[in-house]
Structures are given as C-alpha cells and as structure tokens.
Amino acid sequence: MMGFEQIDSTNVADVGGKGAHLGELSRIDGIRVPDGFCVTTDAFQRVVAEVPSIGAQLDLLSRVEPDDRAAIRTLSADIRRAVEDVAMPDDLVAAIGESLARLGEHASYAVRSSATAEDLPTASFAGQQDSYLNVVGLPAILRHVRRCWASLFTERAVTYRRRNGFDHRKVRMAVVVQRMVFPDAAGILFTADPVTSNRKIATVEAGWGLGEALVSGLVSGDVYTVRDDEVVSRAVATKPRFVQASPGGGTQDAPVEPRRQTQPALTDAQVVRLVRLGRRIEAHFGRPQDIEWCLVGDDFHIVQSRAITTLFPVPTTDDQENHLYVSVGHQQMMTDAMKPLGLSLWQLTTPRPMHEAGGRLFVDVAPVLATSAGRTRLLGTLGRSDPLIRDALQSVLDRGDFLPSLPDEGSGPVPAGDAPAPIETDPAIVTELIRHSQASVATLRRDIQGLSGLALLDFILADIAELKRILFDPRSTQVIMAGMEAAWWLNDHLEAWLGEKNAADALTQSVPHNVTSEMGLALLDVADAIRPHTDVVAFLHRVVDEGREGDGFLDELAGLAGGREARDAIRGYLDEYGMRCAGEIDITRTRWSERPATLVPTILGNIKNFEPGAGKRRFEQGLQESLRKEQELLTRLRALPDGEQKAEETKRMIDRVRTFAGYREYPKYGMISRYFVYKQALLREADRLVRSGVLREKDDIFFLRLEELREVVRTDHVDAGLILERREAFRSYETLTPPRVLTSDGEAVTGRYRRDDAPPGALAGLPVSAGTVEGRARVVMDMAQAELEAGDILVTAYTDPSWTPLFVAAAGLVTEVGGLMTHGAVIAREYGLPAVVGVEQATRLIQDGQRIRVHGTDGYVEILA
C-alpha cells in the first residue's frame, strides 16, 4: 500500500497514472484532495500471476487484430472472470484493512482503477477501466479491487491498447481507494477550451450531486466559459435528475426538485474560484488539464486530474507577444507528423523561419499581417491558393484585438525579390535549369561516396547551401511565377471576354517538362513491359496478397518467363523516380526504392485498366485537346471587338503558360533527389553507429535533429532517453490533426467558404481543374492499398507527387487539403481531371463506393447515392 502522501510523479510504475496524479495533486498548496491510498501494481502482478493459464491467454490476446471485436470480446471476458475470482493473499488483505482503519473503516470510498498506461501526457485512456463509488466495508473494498484489476481487460480497454501500440503484458493495474465526498454539485473543468483548443479560455461543466450524472450522460450540465478571471458566457441547463449515494452502497439517480432544475449549480464567483484552482493545477503539471471536482458547502475538492491529450500543441516562444501561425503542411501537401530529422532538414532548407509544434511546421504571419500592405499581399495570395486559410486569418483580423496594427514602412518601391523581372518566353531557359539541377545531383552522388563519420555530416551540412542555391535560383523563381501569372491572366481575361471559366486548365494539358505527370505515364510503360507475361502478373498478385514489403521480390522475378524484362522495367522506373514516396518532404519516410512493393498494386491496376501504349496515347490526347481548345478560344476572340488584338495577346499567354507551367514540378523533384542521396549516406552511417554500439537501431537517427546527429557522430555518445521520449511523442503526434491556422493562445481557427453558389447539401471546396464528372468514390488513405478502376473518383486527405500514378486511372479528384498551385491541382489539370480540393472532412463525409459528382469548374461535390 502507498498513501497519497507517499506518492508523486515518479511513482507511475507503482500506482498508475491516476494514482500518481492524485499524489501530486495532494502536494499542491491550496488544493483539497480527499485522502486515500493505492493498492500498488506489485500487488496486481503478484495476484494475477496466480490466475491459471493467464500467460497463454495474454499471448492469444496480443495476436488478435484490433478490429476483430468478436475475438477480443471472448478472450477479454474469459480473463476478466478469472481475475475477479482469484483469491487475495492474507497479507494483502491485512494491509488493505490497516489502511482503511487509518482513514475510517466504516467510511464510504471510491475505488478506481489506475493503469500504468493511463492519464499519461500522450494517451489519457479516459474511461477505459472502471470506477466504483460509495463502497463501504473491507469485504466490499476487496471485491471492487478485484473488479478494477479485471477492468484492465474490458473489450474497450484491450482495443484501445491494441490501436495505440501498448503491450498488454507491460500495462499493469493499481487501484485507488479514496474517501468519498458527497457534494452539493460536481463536474468537470477543462483549463483549455476543448472545442477551439484556446489555452486562455477555461470551460466548466456543473450539475447537482455526484459528477457521474454528467460523465454518464444522464443529464446535460451548466456550461461556463472563463477568460482572464471573468465569466464570458454561461448556459444554464435544465437538470431534472442527479446521482446520489445509495444507503446500501453504490449510487442511484434521483429526481431534482422542480425549483432547482433550472437554477445554476454554481455562482459566477465560484466558477472563477474553481478556474483559479485549475490554473494552479495546470501550472504544476505544465500542460492543460481535464479536472474532476466536487463542491461541498463552499469548498472545492479535486478528485482527479489528467492531461487533455486532444489539444494540438502550440509552438514555444520566449516572449509574451501574440503570434498567428499558418500550417506549412497544408501548403506542402504533407499534414502528417514528421520526425525530428525530417523537421530539421526542412528547416535548414527553407529560407523562412519555421516553428515546430506537434511534429509539424508553422510560419508566424503576425508580422506580415501587422501592416496594411502586408495584409493585402498575404490575403490576396492566399485568396487564390487556399481560401480556408485566408478566411481563418481574416476572422482573427476582424476581432481587432489579437494582432497589432502598424504603419506601413515608407512608400518606396517593392523589393526586387517580391516582383521578379519579366522573363522571355524561351523553352531553352527551362531545359538549362533542369540540366543544371541534374548535373548538381550527379556531382553530389559522386562526392559523397566513401565519406563517413564527421566528414559526412559536415559535407551534408555544407551541401545544403548548394541545395538552396539551386532551389531558390532567381531564374527558377521567375519561370515558376511566369507560368502562374500567365495562367491567372488567361483565367481572368477569358472569363471576362468569353465567359469561359478556368480556361487555363484545358490549355495546360500535356505541357513539356512536367516531371511529375511524366512519372505517372511512365508507370503505364512499366505495365506494358509486364502485361504479356502471365506468370509475372500472377507472381505480382501474390506479392500484394502476402503483404511483401522489401525489394527481394525483384530478384525472384528473374526465374520467371519474362521476369528479367519485368524486373528491369521496374528498376529502370525506380532509378528515375524511386526517391519519391508519400510525405516525401520528410527525409525519414520510406522511399519507393526502399519498398518497391508499394508500386505493385498500381502497376497491376494499370495492367487491368489500360491497353498497351496508353502512356503515349494519354499524353498525345491531352496535347490535342489543349491545341483544340486554343484554336476554339482564339476563333471566338477574333469575333469580338478588337478581336485580333485580344487573340494576339491570348496566344502570347498560351505560349507562355505552356512553356513554363511544366517546370513548376521540377524544383521539388530536384530537392527530393538530393534528400534521398543524403538519406542513403546517413543510413550507412547509422549502420556503423549500430555496429559500434552507439545506437540500438538504425532508425534512431530519425529521432535526432541533423545537428544533434553530428554531435552523436563526433562523440560516439547518444542520449537513449531522449530518443525514447521522442519516439513516444511522435506516436502521440500521429493521432493529431493539424489546424490550418493556430494562434499562440492555442486556438485552432477554422475558415469557411463564404459562397452560396453550390446546391443544398453539396460539399464546398476550391475549384482547381475544370470539368464535371460523375462516378464511384474511392476513399483511399494509403496509395499502396488503392484499387481504382476506370471511371472511379479518387477521394483522399491530400496528395503529393507520389500519388500521381493513381491519377492516371482516376476520372476525378477530391481532397481535404490543397490549393490552386499545389501538386495535386497541377497534375489534375495536366491530365484533364476535374478536381476539387480543400473539401473539409471529405474522407469522412463521402463513403467509399458512393456515387458522387465533382464540379471542378465551380468547386463543389455532390453526393448522389
């Protein structure tokens, strides 16, 4: 046994998360915690070890898939029955009895489970195990202790652990036995707003009697929000019932007398006092808290506190200024969490300061928005690319009290970097930029060979300067901007002159030098090389069915008829594009060259859905459609007043957009090519560090920043605890959804499409590729699991260049994230796919297999059936 006075945060292994928090709470000055003790995890281990066949049952449970509810239900019920029936040793019974005698043998107690993987900063496990109230007497306490132990194996607890990667054998159970208080009112306090995540707003829910009435959903409670010691809103609920202690033990619900049903459970002064207590608890634990409280007379008692694990973290700053952060991931089509090595390399690559939070990167736009010129420039740019971010920023500006308003600095000319000088429409400029990038990567591959240790790390850190020089070459920026501005000109003028919306979409099909669209068509050529060989096709189906991941299957191909040709075709493709993968801006992500089997389902889909020669035909069809559209538009323009001049201007812009638009995709390809060279060299170095005993695993390097890895290489020493801590943090970050816009108060600001041109029930988004298409929705979250057939519409969270091979088979595209010039939009236009991006919660609102209609010209999606 351990009394609360003996417990602090170092005792999680002994008393579980809940017990450790109660011990810590009891130490905070001014916080009243009902007294109690914990039956430790050692007692649990000792007793449960005596349960017959428990080891074999846990082995079975660890192998069950988390979605196999029937198997989990059966196995967990067997384990629970066995634990509840186990006999307690006499010395344990005596120890519990002594603790009860010290606190009051005949008093009422709450008996609560406290698992070692519960109430943790990264996983709350809230409600996963059981609690029992108003338990009286030693026999009842002992019975409920066993029930708490058994609750470690409820179906919901087992499923939660399986889905969150916790080992059943390593999670142990303590039990909290705490004196009951019988409150006039009780409820929950969140020290951050659970809806908006704003850390400066606290939310209090309150009801009559025990808090279980609110937790169980028996009644809705009063809700108060508090900011800066002031109640800023209150909603008093009708509370017809409450939970109270039963005379014979346990609890019961009872009616509230009519006159009290609509009375507030707390006064404003009590709410403010409670929030102050919550802020004290939050400061002690260092993060926002979810607190259970009871009011007895005019005294608040705290019966539980846990971290709020659903809040998106806030970038840390060393000032008290207000900051407004825009998600980098929503611009880069990579909203997944990134590992530290990936974050640090991206930060070293980009010229803009970027802030980390939740494994993602953000740019603070508060300084830009502080001036009217900055606001106009930024909101105008975002209005074209991502209206949801623009609207979110505008909603913060409209409040008028979050960001300062500064005078514009002078009225001089715009800096040259912001407005590239005009560039002639010359295809040779593009080919020269590409040639230069290719030569630089080839030099990198040559010079990095044979380097190791500190020389390798210093070489990579120095080469990043070359990467940035090429990536941000002013001529490269000029080409990209020229292509975008030509597209905007065409869209604006042709809509004004001819009523033609998004005309540039059709005009930019099959443009030259688009390395990403070429990548998708090249996989059709791979399918052509494999299609005639039935043994190879059958073998590749087995690779998919067996879930093969490595590249060993490529060597096995050589023994099949046609296998060498198939292997060479796949390897040739990987030589050109194998550095790509989903989330490719994170150097730690697994590349196609490292797991070629990722491409096999798409290759098989191409074999099934297309005839030989489809790649060349698709490109030629797009080219002919573009030329046909050009002639049609020019003919219509010549019929207008001043038609010849309009047609001449338009022809110049069409030539310009077709000359430059394809290059938009190349700089990122060059950057990712360089990242992969770095990664291969760093993994060789990691292998050396593992062999020398410095690292436990090669991928430990992914949880070190590049500068930290240099120190590990220099000293041959690593902080293993830091790597473990970052692994655990990354697992928690993976479960979070990053906001588009985040304030330094922690508020996730959501923008809206302010438009009324879509039919009722339609899902609004940003139109990025013109046309309308109707078909079957295929909701795909992992490219390797995609099974698209001709006419299907791809629906996913986001796409980056690695998804391009799927675009070949798709008839349309819908994504949750995206902008007018992001990669998915560019390739959708290139392939002539109607596309709508930025459709909030598209993968949840659209069901796989539903018929939908995508309006790529007007920017909305209709669910038909």
# chains A, B, ... in the order shown; residues from 1 in each chain; ligands from 1
call {"tool": "select_by_dssp", "arguments": {"residues": "region 153-231 of chain A", "states": "helix (DSSP H, G or I)", "output": "PyMOL selection string"}}
result
chain A and resi 153+155-163+212-215
call {"tool": "residues_around", "arguments": {"residues": "region 25-39 of chain A", "least_positions_apart": "5", "cutoff": "6 Å", "atoms": "only C-alpha atoms", "output": "JSON, numbers by chain"}}
result
{"A": [1, 2, 3, 4, 174, 175, 176, 177, 178, 179, 301, 302]}
call {"tool": "residues_around", "arguments": {"residues": "Arg469 (chain A)", "least_positions_apart": "3", "cutoff": "12 Å", "atoms": "only C-alpha atoms", "output": "PyMOL selection string"}}
result
chain A and resi 349-351+436-437+440+462-466+472-477+667+670-671
call {"tool": "residues_around", "arguments": {"residues": "Glu620 (chain A)", "least_positions_apart": "2", "cutoff": "12 Å", "atoms": "only C-alpha atoms", "output": "PyMOL selection string"}}
result
chain A and resi 509-512+521+613-618+622-627+830-831
call {"tool": "closest_atom_pairs", "arguments": {"of": "region 236-299 of chain A", "to": "region 13-21 of chain A", "cutoff": "12 Å", "atoms": "only C-alpha atoms", "output": "Markdown table"}}
result
| residue | atom | partner | partner_atom | distance |
| --- | --- | --- | --- | --- |
| A:Ile281 | CA | A:His21 | CA | 10.3 |
| A:Glu282 | CA | A:His21 | CA | 11.8 |
| A:His284 | CA | A:His21 | CA | 10.7 |
| A:Phe285 | CA | A:His21 | CA | 9.0 |
| A:Gln289 | CA | A:His21 | CA | 11.0 |
| A:Asp290 | CA | A:His21 | CA | 11.7 |
| A:Ile291 | CA | A:His21 | CA | 10.8 |
| A:Glu292 | CA | A:Lys18 | CA | 11.8 |
call {"tool": "write_last_selection", "arguments": {"atoms": "N, CA, C and O atoms", "output": "short mmCIF file (atom, residue, chain, number, x, y, z; two decimals), in the first residue's frame"}}
result
data_model
loop_
_atom_site.label_atom_id
_atom_site.label_comp_id
_atom_site.auth_asym_id
_atom_site.auth_seq_id
_atom_site.Cartn_x
_atom_site.Cartn_y
_atom_site.Cartn_z
N ILE A 281 -3.33 24.01 -10.78
CA ILE A 281 -3.05 22.60 -11.10
C ILE A 281 -2.35 22.51 -12.46
O ILE A 281 -1.37 21.77 -12.63
N GLU A 282 -2.83 23.28 -13.43
CA GLU A 282 -2.22 23.30 -14.77
C GLU A 282 -0.76 23.72 -14.69
O GLU A 282 0.12 23.12 -15.33
N HIS A 284 1.22 23.39 -12.19
CA HIS A 284 2.00 22.33 -11.53
C HIS A 284 2.38 21.23 -12.53
O HIS A 284 3.53 20.76 -12.55
N PHE A 285 1.42 20.82 -13.36
CA PHE A 285 1.68 19.72 -14.29
C PHE A 285 2.29 20.19 -15.61
O PHE A 285 2.78 19.37 -16.40
N GLN A 289 -5.28 20.80 -18.31
CA GLN A 289 -5.80 19.65 -17.56
C GLN A 289 -7.31 19.50 -17.71
O GLN A 289 -8.05 20.48 -17.89
N ASP A 290 -7.74 18.25 -17.60
CA ASP A 290 -9.14 17.84 -17.53
C ASP A 290 -9.34 17.40 -16.07
O ASP A 290 -8.80 16.39 -15.64
N ILE A 291 -10.11 18.18 -15.31
CA ILE A 291 -10.17 18.05 -13.85
C ILE A 291 -11.58 17.70 -13.41
O ILE A 291 -12.55 18.31 -13.85
N GLU A 292 -11.71 16.69 -12.54
CA GLU A 292 -12.99 16.36 -11.92
C GLU A 292 -13.02 16.98 -10.52
O GLU A 292 -12.08 16.81 -9.74
#
call {"tool": "closest_residue", "arguments": {"among": "A:Gly547, A:Pro801, A:Pro738, A:Gly286", "to": "Ala828 (chain A)", "atoms": "only C-alpha atoms"}}
result
A:Pro801
